[in-house]
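A.B. asks: This structure is in structure tokens; I'll ask about it shortly.
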Amino acid sequence: MKNTIFTGAGIAIITPMNSDGSINYDRLGEMIDYQIDNGTDAIIICGTTGEASTMTDEEHLGAIKYAVKKTAGRVPVIAGTGSNDTSYAVELSKEAENAGADALLLVTPYYNKTTQKGLIGHFKAIADAVNIPIILYNIPGRTGMNIEVATVKELAKHRNIAAIKEASGNISYAAKLLAECGDVIDVYSGNDDMIVPMMSLGAKGVISVLSHVIPKETHMMAQYCLDNNFAEATRLQLDYLDLINALFIEVNPIPVKEAMNMIGVEVGQCRMPLCEMSEEHKAVLKAALENHGLIR
């Protein structure tokens, strides 16, 4: 097994925006400090939740550099550098490494997609170009691509491919992945509603959205699993299920940005084409936050 990047709960951190749509770095810094102070085990910058797909190259690298500087080695910083263009992903990944990222998060190619053979070639080309560990990112609901277990096993042979973020929502796939690859690659849950189920099967933690609003509890949910205290972990998983569901009632990160604004952390709106939540869904989200004492 390669060296583990982190265990526990890492946050797939949002990118706060100013009223003119530019990145609010001051707020991002406050959020990073708050997360680390409250137990979050890793910062994942410029992922899906961070709206990396709407960033310019300058913004993307600027956010990575800022997160690295602000985190200052307190926890690992994992930079999202995936693309459906292999050569572009190679260059962005090299830039992120030069900026000081501890690891990379690489989503499967989207829209043009590829075959499993193409996936192997794509990820190996990126892994060959850098000297930091890589987390593969399996999220077929967004990309239309699933990484087959045999493909993960083959990719795990590469010295730099260390982990996979599994966000298919398919517990049968996750179980097979852990059964066949858990001894050669680390697995992280990419879904907050599956933290305990996946960690009970051997996952090392979660890359979380829930951590934005309850970082301590999300960290403890994962830590209880690592400590084999699944009774307490399950209690937290079930207690916060309504909040987890509310945070995904619309396309991520629309609800989590709304939630942060509701609890008084002004993070602005999402960039188009993501739009404001419906009033009906806002009411559901507000009720969940009130239920857990996060707003009054």
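If you're wondering about the labels, chains in the structure tokens are A, B, ... by order shown, residues count from 1 in each chain, ligands from 1 in order shown.
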Please provide as a PyMOL selection string all residues within 12 Å of Tyr173 of chain A, with the sequence filter that same-chain residues fewer than 3 positions apart are discarded (counting only C-alpha atoms).

C.D. replies: chain A and resi 138+146-150+152+166-170+176-181+189+198+201

A.B. asks: Write the residues of the preceding selection, restricted to N, CA, C and O atoms, as a PDB file, in the first residue's frame.

C.D. replies:
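Contents of part_27.pdb, as written:
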ATOM      1  N   ASN A 138     -14.330   9.042  -9.348  1.00  0.00           N
ATOM      2  CA  ASN A 138     -15.371   8.324 -10.079  1.00  0.00           C
ATOM      3  C   ASN A 138     -16.732   8.919  -9.750  1.00  0.00           C
ATOM      4  O   ASN A 138     -17.245   8.745  -8.641  1.00  0.00           O
ATOM      5  N   ASN A 146     -17.880   5.491 -15.919  1.00  0.00           N
ATOM      6  CA  ASN A 146     -17.611   4.748 -14.695  1.00  0.00           C
ATOM      7  C   ASN A 146     -16.250   4.074 -14.823  1.00  0.00           C
ATOM      8  O   ASN A 146     -15.928   3.502 -15.876  1.00  0.00           O
ATOM      9  N   ILE A 147     -15.451   4.152 -13.767  1.00  0.00           N
ATOM     10  CA  ILE A 147     -14.157   3.456 -13.770  1.00  0.00           C
ATOM     11  C   ILE A 147     -14.400   2.023 -13.302  1.00  0.00           C
ATOM     12  O   ILE A 147     -14.767   1.806 -12.137  1.00  0.00           O
ATOM     13  N   GLU A 148     -14.221   1.064 -14.186  1.00  0.00           N
ATOM     14  CA  GLU A 148     -14.432  -0.328 -13.798  1.00  0.00           C
ATOM     15  C   GLU A 148     -13.389  -0.763 -12.778  1.00  0.00           C
ATOM     16  O   GLU A 148     -12.269  -0.246 -12.737  1.00  0.00           O
ATOM     17  N   VAL A 149     -13.773  -1.726 -11.943  1.00  0.00           N
ATOM     18  CA  VAL A 149     -12.880  -2.179 -10.873  1.00  0.00           C
ATOM     19  C   VAL A 149     -11.566  -2.691 -11.443  1.00  0.00           C
ATOM     20  O   VAL A 149     -10.487  -2.418 -10.901  1.00  0.00           O
ATOM     21  N   ALA A 150     -11.622  -3.418 -12.541  1.00  0.00           N
ATOM     22  CA  ALA A 150     -10.394  -3.925 -13.168  1.00  0.00           C
ATOM     23  C   ALA A 150      -9.497  -2.779 -13.617  1.00  0.00           C
ATOM     24  O   ALA A 150      -8.258  -2.884 -13.553  1.00  0.00           O
ATOM     25  N   VAL A 152      -9.363   0.233 -12.131  1.00  0.00           N
ATOM     26  CA  VAL A 152      -8.770   0.766 -10.898  1.00  0.00           C
ATOM     27  C   VAL A 152      -7.584  -0.091 -10.474  1.00  0.00           C
ATOM     28  O   VAL A 152      -6.516   0.432 -10.099  1.00  0.00           O
ATOM     29  N   GLU A 166     -14.855   7.656  -4.585  1.00  0.00           N
ATOM     30  CA  GLU A 166     -15.942   6.891  -5.179  1.00  0.00           C
ATOM     31  C   GLU A 166     -17.271   7.578  -4.878  1.00  0.00           C
ATOM     32  O   GLU A 166     -17.728   7.625  -3.747  1.00  0.00           O
ATOM     33  N   ALA A 167     -17.878   8.142  -5.948  1.00  0.00           N
ATOM     34  CA  ALA A 167     -19.098   8.924  -5.782  1.00  0.00           C
ATOM     35  C   ALA A 167     -20.197   8.457  -6.736  1.00  0.00           C
ATOM     36  O   ALA A 167     -21.024   9.258  -7.175  1.00  0.00           O
ATOM     37  N   SER A 168     -20.203   7.170  -7.028  1.00  0.00           N
ATOM     38  CA  SER A 168     -21.254   6.649  -7.897  1.00  0.00           C
ATOM     39  C   SER A 168     -22.575   6.487  -7.153  1.00  0.00           C
ATOM     40  O   SER A 168     -23.645   6.448  -7.771  1.00  0.00           O
ATOM     41  N   GLY A 169     -22.518   6.362  -5.813  1.00  0.00           N
ATOM     42  CA  GLY A 169     -23.713   6.085  -5.023  1.00  0.00           C
ATOM     43  C   GLY A 169     -24.136   4.632  -5.070  1.00  0.00           C
ATOM     44  O   GLY A 169     -25.181   4.279  -4.516  1.00  0.00           O
ATOM     45  N   ASN A 170     -23.317   3.794  -5.676  1.00  0.00           N
ATOM     46  CA  ASN A 170     -23.626   2.369  -5.843  1.00  0.00           C
ATOM     47  C   ASN A 170     -22.842   1.572  -4.809  1.00  0.00           C
ATOM     48  O   ASN A 170     -21.644   1.345  -4.972  1.00  0.00           O
ATOM     49  N   LYS A 176     -17.389  -4.067  -4.128  1.00  0.00           N
ATOM     50  CA  LYS A 176     -16.493  -4.810  -5.028  1.00  0.00           C
ATOM     51  C   LYS A 176     -15.154  -4.100  -5.154  1.00  0.00           C
ATOM     52  O   LYS A 176     -14.091  -4.744  -5.153  1.00  0.00           O
ATOM     53  N   LEU A 177     -15.186  -2.771  -5.243  1.00  0.00           N
ATOM     54  CA  LEU A 177     -13.965  -1.986  -5.336  1.00  0.00           C
ATOM     55  C   LEU A 177     -13.077  -2.227  -4.125  1.00  0.00           C
ATOM     56  O   LEU A 177     -11.866  -2.472  -4.253  1.00  0.00           O
ATOM     57  N   LEU A 178     -13.656  -2.179  -2.941  1.00  0.00           N
ATOM     58  CA  LEU A 178     -12.879  -2.375  -1.718  1.00  0.00           C
ATOM     59  C   LEU A 178     -12.419  -3.820  -1.581  1.00  0.00           C
ATOM     60  O   LEU A 178     -11.299  -4.080  -1.114  1.00  0.00           O
ATOM     61  N   ALA A 179     -13.244  -4.754  -1.997  1.00  0.00           N
ATOM     62  CA  ALA A 179     -12.864  -6.168  -1.898  1.00  0.00           C
ATOM     63  C   ALA A 179     -11.685  -6.493  -2.806  1.00  0.00           C
ATOM     64  O   ALA A 179     -10.774  -7.240  -2.421  1.00  0.00           O
ATOM     65  N   GLU A 180     -11.679  -5.919  -4.011  1.00  0.00           N
ATOM     66  CA  GLU A 180     -10.673  -6.293  -4.994  1.00  0.00           C
ATOM     67  C   GLU A 180      -9.477  -5.341  -5.038  1.00  0.00           C
ATOM     68  O   GLU A 180      -8.396  -5.737  -5.497  1.00  0.00           O
ATOM     69  N   CYS A 181      -9.659  -4.107  -4.556  1.00  0.00           N
ATOM     70  CA  CYS A 181      -8.584  -3.115  -4.684  1.00  0.00           C
ATOM     71  C   CYS A 181      -8.195  -2.462  -3.360  1.00  0.00           C
ATOM     72  O   CYS A 181      -7.255  -1.654  -3.335  1.00  0.00           O
ATOM     73  N   SER A 189     -15.118   7.849   0.396  1.00  0.00           N
ATOM     74  CA  SER A 189     -16.492   8.083  -0.008  1.00  0.00           C
ATOM     75  C   SER A 189     -16.609   9.486  -0.592  1.00  0.00           C
ATOM     76  O   SER A 189     -16.097  10.444  -0.029  1.00  0.00           O
ATOM     77  N   MET A 198     -19.545   2.989   3.617  1.00  0.00           N
ATOM     78  CA  MET A 198     -18.292   2.747   2.903  1.00  0.00           C
ATOM     79  C   MET A 198     -17.123   2.531   3.847  1.00  0.00           C
ATOM     80  O   MET A 198     -16.264   1.681   3.605  1.00  0.00           O
ATOM     81  N   LEU A 201     -16.792  -0.867   5.191  1.00  0.00           N
ATOM     82  CA  LEU A 201     -16.216  -1.810   4.237  1.00  0.00           C
ATOM     83  C   LEU A 201     -14.718  -1.589   4.033  1.00  0.00           C
ATOM     84  O   LEU A 201     -14.079  -2.355   3.312  1.00  0.00           O
TER      85      LEU A 201
END

A.B. asks: Got a sec: who's within 6 Å of segment 12-23 of chain A, counting only C-alpha atoms, leaving out chain neighbours fewer than 6 positions off, as a list in words?

C.D. replies: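 Residues meeting the cut-off are Ile44, Ile45, Thr49, Gly50, Ile207, Ser208, Val209, Val267 and Gly268 of chain A.
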
A.B. asks: Export N, CA, C and O atoms of the chosen residues as an mmCIF file, in the first residue's frame?

C.D. replies:
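Output below, filename result-v4.cif:
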data_model
loop_
_atom_site.group_PDB
_atom_site.id
_atom_site.type_symbol
_atom_site.label_atom_id
_atom_site.label_comp_id
_atom_site.auth_asym_id
_atom_site.auth_seq_id
_atom_site.Cartn_x
_atom_site.Cartn_y
_atom_site.Cartn_z
ATOM 1 N N ILE A 44 -9.778 20.102 -0.014
ATOM 2 C CA ILE A 44 -9.821 19.775 -1.436
ATOM 3 C C ILE A 44 -10.305 21.017 -2.162
ATOM 4 O O ILE A 44 -11.449 21.445 -2.006
ATOM 5 N N ILE A 45 -9.421 21.620 -2.932
ATOM 6 C CA ILE A 45 -9.685 22.896 -3.589
ATOM 7 C C ILE A 45 -9.898 22.685 -5.086
ATOM 8 O O ILE A 45 -9.265 21.825 -5.696
ATOM 9 N N THR A 49 -17.417 20.869 -6.160
ATOM 10 C CA THR A 49 -18.062 21.791 -5.231
ATOM 11 C C THR A 49 -17.440 23.177 -5.306
ATOM 12 O O THR A 49 -18.098 24.178 -5.013
ATOM 13 N N GLY A 50 -16.182 23.249 -5.714
ATOM 14 C CA GLY A 50 -15.492 24.524 -5.846
ATOM 15 C C GLY A 50 -15.726 25.233 -7.165
ATOM 16 O O GLY A 50 -15.127 26.282 -7.407
ATOM 17 N N ILE A 207 -14.611 12.636 1.248
ATOM 18 C CA ILE A 207 -14.403 13.986 0.720
ATOM 19 C C ILE A 207 -15.784 14.614 0.728
ATOM 20 O O ILE A 207 -16.657 14.246 -0.051
ATOM 21 N N SER A 208 -15.988 15.545 1.640
ATOM 22 C CA SER A 208 -17.312 15.908 2.132
ATOM 23 C C SER A 208 -17.774 17.301 1.725
ATOM 24 O O SER A 208 -16.979 18.239 1.639
ATOM 25 N N VAL A 209 -19.090 17.426 1.534
ATOM 26 C CA VAL A 209 -19.767 18.720 1.431
ATOM 27 C C VAL A 209 -20.367 19.099 2.786
ATOM 28 O O VAL A 209 -20.338 20.255 3.192
ATOM 29 N N VAL A 267 -21.041 33.798 1.202
ATOM 30 C CA VAL A 267 -20.167 33.204 0.190
ATOM 31 C C VAL A 267 -20.616 33.534 -1.228
ATOM 32 O O VAL A 267 -20.033 33.055 -2.197
ATOM 33 N N GLY A 268 -21.654 34.346 -1.357
ATOM 34 C CA GLY A 268 -22.123 34.735 -2.675
ATOM 35 C C GLY A 268 -22.914 33.628 -3.349
ATOM 36 O O GLY A 268 -23.309 32.639 -2.723
#

A.B. asks: For the contact check between segment 50-167 of chain A and segment 246-262 of chain A, emit one row per residue of segment 50-167 of chain A within 12 Å, containing the shortest atom pair and the distance in Å rounded to one decimal, counting only C-alpha atoms, chain then rising number order, as CSV.

C.D. replies:
residue,atom,partner,partner_atom,distance
A:Gly50,CA,A:Pro253,CA,7.6
A:Glu51,CA,A:Pro253,CA,7.7
A:Ala52,CA,A:Pro253,CA,11.3
A:Gly141,CA,A:Val251,CA,11.2
A:Arg142,CA,A:Val251,CA,10.2

A.B. asks: Can you write just those residues out, N, CA, C and O atoms, as a compact mmCIF listing (two decimals), in the first residue's frame?

C.D. replies:
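Result written to out-v8.txt:
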# COMPACT_ATOMS: atom_id res chain seq x y z
N GLY A 50 -16.18 23.25 -5.71
CA GLY A 50 -15.49 24.52 -5.85
C GLY A 50 -15.73 25.23 -7.17
O GLY A 50 -15.13 26.28 -7.41
N GLU A 51 -16.59 24.67 -8.01
CA GLU A 51 -16.95 25.29 -9.29
C GLU A 51 -15.74 25.50 -10.20
O GLU A 51 -15.67 26.48 -10.97
N ALA A 52 -14.82 24.56 -10.17
CA ALA A 52 -13.61 24.69 -10.99
C ALA A 52 -13.93 24.76 -12.48
O ALA A 52 -13.19 25.37 -13.25
N GLY A 141 -22.48 10.04 -12.52
CA GLY A 141 -23.66 10.86 -12.65
C GLY A 141 -23.38 12.21 -13.30
O GLY A 141 -24.26 12.81 -13.91
N ARG A 142 -22.14 12.69 -13.20
CA ARG A 142 -21.77 13.98 -13.80
C ARG A 142 -20.99 13.79 -15.11
O ARG A 142 -21.03 14.66 -15.97

A.B. asks: Counting only C-alpha atoms, which residues of segment 7-78 of chain A sit at most 9 Å from some atom of segment 101-104 of chain A, and what is each one's closest atom pair with its distance in Å to one decimal, listed by chain and rising residue number, as a tab-separated table?

C.D. replies:
residue	atom	partner	partner_atom	distance
A:Ile44	CA	A:Leu104	CA	8.8
A:Ile64	CA	A:Ala101	CA	7.3
A:Lys65	CA	A:Ala101	CA	8.0
A:Ala67	CA	A:Ala101	CA	8.7
A:Val68	CA	A:Ala101	CA	6.3
A:Pro76	CA	A:Asp102	CA	5.7
A:Val77	CA	A:Asp102	CA	5.4
A:Ile78	CA	A:Ala103	CA	4.7

A.B. asks: Per residue of segment 156-203 of chain A within 12 Å of segment 110-122 of chain A, note the shortest atom pair and the distance in Å to one decimal, counting only C-alpha atoms, and order the rows by chain and increasing residue number, as a Markdown table.

C.D. replies:
| residue | atom | partner | partner_atom | distance |
| --- | --- | --- | --- | --- |
| A:Ala156 | CA | A:Ile120 | CA | 10.2 |
| A:Lys157 | CA | A:Ile120 | CA | 10.9 |
| A:His158 | CA | A:Ile120 | CA | 10.3 |
| A:Ile161 | CA | A:Ile120 | CA | 11.1 |

A.B. asks: Extract the full set of strand (DSSP E or B) residues from segment 45-216 of chain A according to DSSP on the backbone, and format it as a ChimeraX atom specification.

C.D. replies: /A:45,77-80,103-107,134-138,161-166,186-189,205-208

A.B. asks: Deliver the residues from the most recent selection as a file, using C-alpha atoms, as an mmCIF file, in the first residue's frame.

C.D. replies:
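So selection-v8.cif came out as:
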data_model
loop_
_atom_site.group_PDB
_atom_site.id
_atom_site.type_symbol
_atom_site.label_atom_id
_atom_site.label_comp_id
_atom_site.auth_asym_id
_atom_site.auth_seq_id
_atom_site.Cartn_x
_atom_site.Cartn_y
_atom_site.Cartn_z
ATOM 1 C CA ILE A 45 -9.685 22.896 -3.589
ATOM 2 C CA VAL A 77 -4.178 20.347 0.211
ATOM 3 C CA ILE A 78 -5.578 18.319 -2.664
ATOM 4 C CA ALA A 79 -6.047 20.185 -5.937
ATOM 5 C CA GLY A 80 -8.652 19.308 -8.539
ATOM 6 C CA ALA A 103 -2.001 15.652 -3.999
ATOM 7 C CA LEU A 104 -4.272 15.872 -7.039
ATOM 8 C CA LEU A 105 -7.914 14.946 -7.622
ATOM 9 C CA LEU A 106 -8.564 13.793 -11.202
ATOM 10 C CA VAL A 107 -12.100 13.368 -12.473
ATOM 11 C CA ILE A 134 -3.232 11.207 -7.279
ATOM 12 C CA ILE A 135 -6.816 10.519 -6.234
ATOM 13 C CA LEU A 136 -8.973 9.211 -9.073
ATOM 14 C CA TYR A 137 -12.518 10.591 -9.047
ATOM 15 C CA ASN A 138 -15.371 8.324 -10.079
ATOM 16 C CA ILE A 161 -1.979 6.699 -8.186
ATOM 17 C CA ALA A 162 -2.783 6.340 -4.512
ATOM 18 C CA ALA A 163 -6.534 6.598 -4.004
ATOM 19 C CA ILE A 164 -9.988 6.892 -5.512
ATOM 20 C CA LYS A 165 -12.918 9.096 -4.565
ATOM 21 C CA GLU A 166 -15.942 6.891 -5.179
ATOM 22 C CA ASP A 186 -7.139 3.899 -0.690
ATOM 23 C CA VAL A 187 -10.847 4.544 -1.138
ATOM 24 C CA TYR A 188 -12.758 7.650 -0.009
ATOM 25 C CA SER A 189 -16.492 8.083 -0.008
ATOM 26 C CA GLY A 205 -12.661 8.570 4.934
ATOM 27 C CA VAL A 206 -14.825 10.992 3.005
ATOM 28 C CA ILE A 207 -14.403 13.986 0.720
ATOM 29 C CA SER A 208 -17.312 15.908 2.132
#

A.B. asks: For Leu238 of chain A, which residue out of A:Cys46, A:Leu155, A:Ile195, A:Ala175 is the nearest one, using only C-alpha atoms?

C.D. replies: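 Comparing A:Cys46, A:Leu155, A:Ile195, A:Ala175 against Leu238 of chain A, the winner is A:Ile195.
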
A.B. asks: Between A:Ala99, A:Ala72, A:Leu294, A:Val265, which has the minimum distance to Arg27 of chain A (counting only C-alpha atoms)?

C.D. replies: A:Val265

A.B. asks: Pick out the residues sitting within 8 Å of Asn131 of chain A, and hand them over as JSON, numbers by chain; count only C-alpha atoms, and ignore anything fewer than 4 positions along from it in its own chain.

C.D. replies: {"A": [97, 127, 160]}

A.B. asks: Got time to write the residues from that selection, N, CA, C and O atoms, as a PDB file, in the first residue's frame?

C.D. replies:
ATOM      1  N   GLU A  97       1.265  21.013  -8.820  1.00  0.00           N
ATOM      2  CA  GLU A  97       2.398  20.474  -8.066  1.00  0.00           C
ATOM      3  C   GLU A  97       3.408  21.580  -7.777  1.00  0.00           C
ATOM      4  O   GLU A  97       3.890  21.715  -6.635  1.00  0.00           O
ATOM      5  N   ALA A 127      -0.194  10.899 -14.362  1.00  0.00           N
ATOM      6  CA  ALA A 127       0.613  10.379 -13.254  1.00  0.00           C
ATOM      7  C   ALA A 127       2.092  10.349 -13.599  1.00  0.00           C
ATOM      8  O   ALA A 127       2.945  10.563 -12.727  1.00  0.00           O
ATOM      9  N   ASN A 160       2.232   6.722  -8.484  1.00  0.00           N
ATOM     10  CA  ASN A 160       1.603   7.967  -8.040  1.00  0.00           C
ATOM     11  C   ASN A 160       0.097   7.890  -7.891  1.00  0.00           C
ATOM     12  O   ASN A 160      -0.515   8.845  -7.416  1.00  0.00           O
TER      13      ASN A 160
END

A.B. asks: Can you list, as a VMD selection string, all residues belonging to segment 156-238 of chain A that DSSP tags as helix (DSSP H, G or I)?

C.D. replies: chain A and resid 171 to 181 192 to 200 210 to 212 215 to 226 230 to 238
